[in-house]
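A short write-up of the structure that comes next.
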Amino acid sequence: MHLVNKPKTARGEETLQRICSAAEELFADRGYYNTQIGDIARKAGVATGTFYIYFPDKISVFRYLLNELGHQLRREIRAAAAGTENQQEAEYVGLRTFLSFASKHIGLFKIIWQAQFVDMEAFKEYYETFSARYICHISDAQDRGEFADIDPVYFSYILMGIYNFVALKCIVFDEKEPSEELVQEVFKFIRNGAFATSGDSAGAENGGGERKKDRTKN
């Protein structure tokens with residue numbers, strides 16, 4: 001589905017970003033159904049007709065924001081985990097990166113939760129896309145003997161569920177910045193329940209541990 005008419009100039013890109021930022025803030029504060037296109041245009045400082053240059057309707061900008069959130073988040077997690085040496089370390093870095101991202105993009109984070117009531121297919125696609133990429137890492141880690149033997153599909157949703165609800169509690173409900181202490185507390189549970197053995201990486205609370213010398217890939 002065509003969601004956005006991408007601009008070809010720097011000025012057009014700046015206008016698109018203003019529209020997206022306005023939509024993100026209004027959707028987060030008022031909710032999708034209480035926000036009108038005119039509201040978005042006014043907040044962005046553009047004419048209502050300018051909105052239609054970029055988006056055909058309100059649902060398109062909502063879906064575009066949801067897609068952009070997924071792309072940005074996956075890109076940041078991938079970059080942060082690039083230098084890790086094992087899955088425990090990668091998972092720790094991924095959790096920390098996710099909480100930091102959600103804190104910086106709280107409007108977009110709230111949009112994810114709205115999506116199940118606004119566009120169930122977009123909501124499903126967001127998580128299924130994230131899960132599909134996660135499954136590959138989980139399966140590889142299981143082959144190396146790092147992760148517990150749990151169905152990778154449901155395993156991905158278990159981990160995503162933990163991360164999402166911790167972010168909801170800390171960032172949305174309590175309105176706090178996620179701390180390193182919080183990441184360590186959450187990872188205690190993940191380390192002792194998700195990984196094949198809890199003693200392999202004793203230093204994981206501080207960002208990862210030692211790789212087993214005799215671990216081989218099947």
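Going through the structure tokens in order, the chains are called A, B, and so on, while each chain numbers its residues from 1 and the ligands are numbered from 1 in the order shown.
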
Need to verify the contact set: A:Pro178, 9 Å, only C-alpha atoms, exclusion of same-chain residues closer than 2 positions in sequence. Can you return it as a VMD selection string?
chain A and resid 96 99 to 100 103 167 170 to 171 176 180 to 183

Secondary structure check, helix (DSSP H, G or I) residues of chain A, as a PyMOL selection string
chain A and resi 10-30+37-44+48-54+58-80+87-104+106-118+120-143+152-173+180-194+204-206

Find the residues around A:Val61 up to 10 Å (only C-alpha atoms counted), leave out those fewer than 3 positions away in its own chain, and share them as an MDAnalysis selection string.
chainID A and resid 3:4 19:20 23:24 37 51 54:58 64:67

Output of the above residues as a PDB file, in the first residue's frame, restricted to N, CA and C atoms:
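Generated file (selection-v9.pdb):
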```pdb
ATOM      1  N   LEU A   3       1.815   4.641   1.148  1.00  0.00           N
ATOM      2  CA  LEU A   3       1.490   5.412   2.341  1.00  0.00           C
ATOM      3  C   LEU A   3       1.869   6.876   2.234  1.00  0.00           C
ATOM      4  N   VAL A   4       2.974   7.183   1.558  1.00  0.00           N
ATOM      5  CA  VAL A   4       3.488   8.539   1.562  1.00  0.00           C
ATOM      6  C   VAL A   4       4.056   8.896   0.194  1.00  0.00           C
ATOM      7  N   ILE A  19       5.078  17.378   9.590  1.00  0.00           N
ATOM      8  CA  ILE A  19       3.768  16.722   9.591  1.00  0.00           C
ATOM      9  C   ILE A  19       3.809  15.452  10.439  1.00  0.00           C
ATOM     10  N   CYS A  20       4.858  14.665  10.274  1.00  0.00           N
ATOM     11  CA  CYS A  20       4.988  13.421  11.031  1.00  0.00           C
ATOM     12  C   CYS A  20       5.147  13.690  12.522  1.00  0.00           C
ATOM     13  N   ALA A  23       1.772  14.744  13.874  1.00  0.00           N
ATOM     14  CA  ALA A  23       0.871  13.591  13.963  1.00  0.00           C
ATOM     15  C   ALA A  23       1.260  12.694  15.131  1.00  0.00           C
ATOM     16  N   GLU A  24       2.557  12.459  15.293  1.00  0.00           N
ATOM     17  CA  GLU A  24       3.036  11.623  16.401  1.00  0.00           C
ATOM     18  C   GLU A  24       2.593  12.196  17.740  1.00  0.00           C
ATOM     19  N   ILE A  37      -7.230  15.588  10.522  1.00  0.00           N
ATOM     20  CA  ILE A  37      -6.166  16.029   9.617  1.00  0.00           C
ATOM     21  C   ILE A  37      -5.906  17.522   9.782  1.00  0.00           C
ATOM     22  N   PHE A  51      -0.935  18.800   3.636  1.00  0.00           N
ATOM     23  CA  PHE A  51      -0.944  17.442   4.195  1.00  0.00           C
ATOM     24  C   PHE A  51      -1.213  16.431   3.096  1.00  0.00           C
ATOM     25  N   TYR A  54       1.417  14.889   0.774  1.00  0.00           N
ATOM     26  CA  TYR A  54       2.274  13.818   1.279  1.00  0.00           C
ATOM     27  C   TYR A  54       1.493  12.548   1.647  1.00  0.00           C
ATOM     28  N   PHE A  55       0.305  12.703   2.185  1.00  0.00           N
ATOM     29  CA  PHE A  55      -0.475  11.550   2.633  1.00  0.00           C
ATOM     30  C   PHE A  55      -1.896  11.611   2.066  1.00  0.00           C
ATOM     31  N   PRO A  56      -2.433  10.476   1.621  1.00  0.00           N
ATOM     32  CA  PRO A  56      -3.786  10.484   1.076  1.00  0.00           C
ATOM     33  C   PRO A  56      -4.884  10.583   2.131  1.00  0.00           C
ATOM     34  N   ASP A  57      -4.573  10.148   3.364  1.00  0.00           N
ATOM     35  CA  ASP A  57      -5.569  10.169   4.434  1.00  0.00           C
ATOM     36  C   ASP A  57      -4.887  10.018   5.789  1.00  0.00           C
ATOM     37  N   LYS A  58      -5.679  10.058   6.842  1.00  0.00           N
ATOM     38  CA  LYS A  58      -5.128  10.012   8.206  1.00  0.00           C
ATOM     39  C   LYS A  58      -4.532   8.653   8.529  1.00  0.00           C
ATOM     40  N   TYR A  64       2.387   4.946   8.441  1.00  0.00           N
ATOM     41  CA  TYR A  64       3.753   5.360   8.110  1.00  0.00           C
ATOM     42  C   TYR A  64       4.583   5.516   9.385  1.00  0.00           C
ATOM     43  N   LEU A  65       4.021   6.142  10.404  1.00  0.00           N
ATOM     44  CA  LEU A  65       4.723   6.303  11.670  1.00  0.00           C
ATOM     45  C   LEU A  65       5.027   4.951  12.301  1.00  0.00           C
ATOM     46  N   LEU A  66       4.079   4.030  12.228  1.00  0.00           N
ATOM     47  CA  LEU A  66       4.280   2.699  12.784  1.00  0.00           C
ATOM     48  C   LEU A  66       5.404   1.970  12.048  1.00  0.00           C
ATOM     49  N   ASN A  67       5.419   2.071  10.726  1.00  0.00           N
ATOM     50  CA  ASN A  67       6.478   1.437   9.940  1.00  0.00           C
ATOM     51  C   ASN A  67       7.838   2.050  10.232  1.00  0.00           C
TER      52      ASN A  67
END
```

Interatomic distance (Å, one decimal) between atom CA of A:Leu159 and atom CA of A:Arg63:
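Between atom CA of A:Leu159 and atom CA of A:Arg63 the gap is 24.1 Å.
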
As a VMD selection string, please: the residues near stretch 32-35 of chain A (cut-off 9 Å, only C-alpha atoms, same-chain neighbours under 6 positions excluded).
chain A and resid 23 26 58 to 59 62 111 114 to 115 118

So which one's closest to A:Glu146, A:Lys8, A:Arg78, A:Lys104, A:Arg191? Using only C-alpha atoms, please.
A:Arg191

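Atom CA of A:Phe98 sits 16.4 Å away from atom CA of A:His137.
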
Would you kindly return, as a PyMOL selection string, each protein, DNA or RNA residue with an atom no farther than 8 Å from any atom of A:Gly193, considering only C-alpha atoms and excluding same-chain residues fewer than 3 positions away?
chain A and resi 148+189-190

Can I get the selection written as a short mmCIF file (atom, residue, chain, number, x, y, z; two decimals), in the first residue's frame, with C-alpha atoms?
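As written to disk, again-v8.cif reads:
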```cif
data_model
loop_
_atom_site.label_atom_id
_atom_site.label_comp_id
_atom_site.auth_asym_id
_atom_site.auth_seq_id
_atom_site.Cartn_x
_atom_site.Cartn_y
_atom_site.Cartn_z
CA ALA A 148 17.03 -22.62 26.19
CA PHE A 189 15.07 -12.73 35.09
CA ILE A 190 15.91 -13.17 31.40
#
```

Near-A:Ser21 list (10 Å; only C-alpha atoms; drop same-chain fewer than 6 positions) as number ranges by chain:
A: 15, 27, 40, 43-44, 65, 107-108

Using only C-alpha atoms, pick whichever of A:Asp39, A:Asp140, A:Glu128, A:Glu76 has the shortest atom-to-atom distance to A:Phe101.
A:Glu76

Using only C-alpha atoms for the distances, tell me which of A:Ala80, A:Ala90, A:Val172, A:Ala28 is nearest to A:Ala141.
A:Ala90
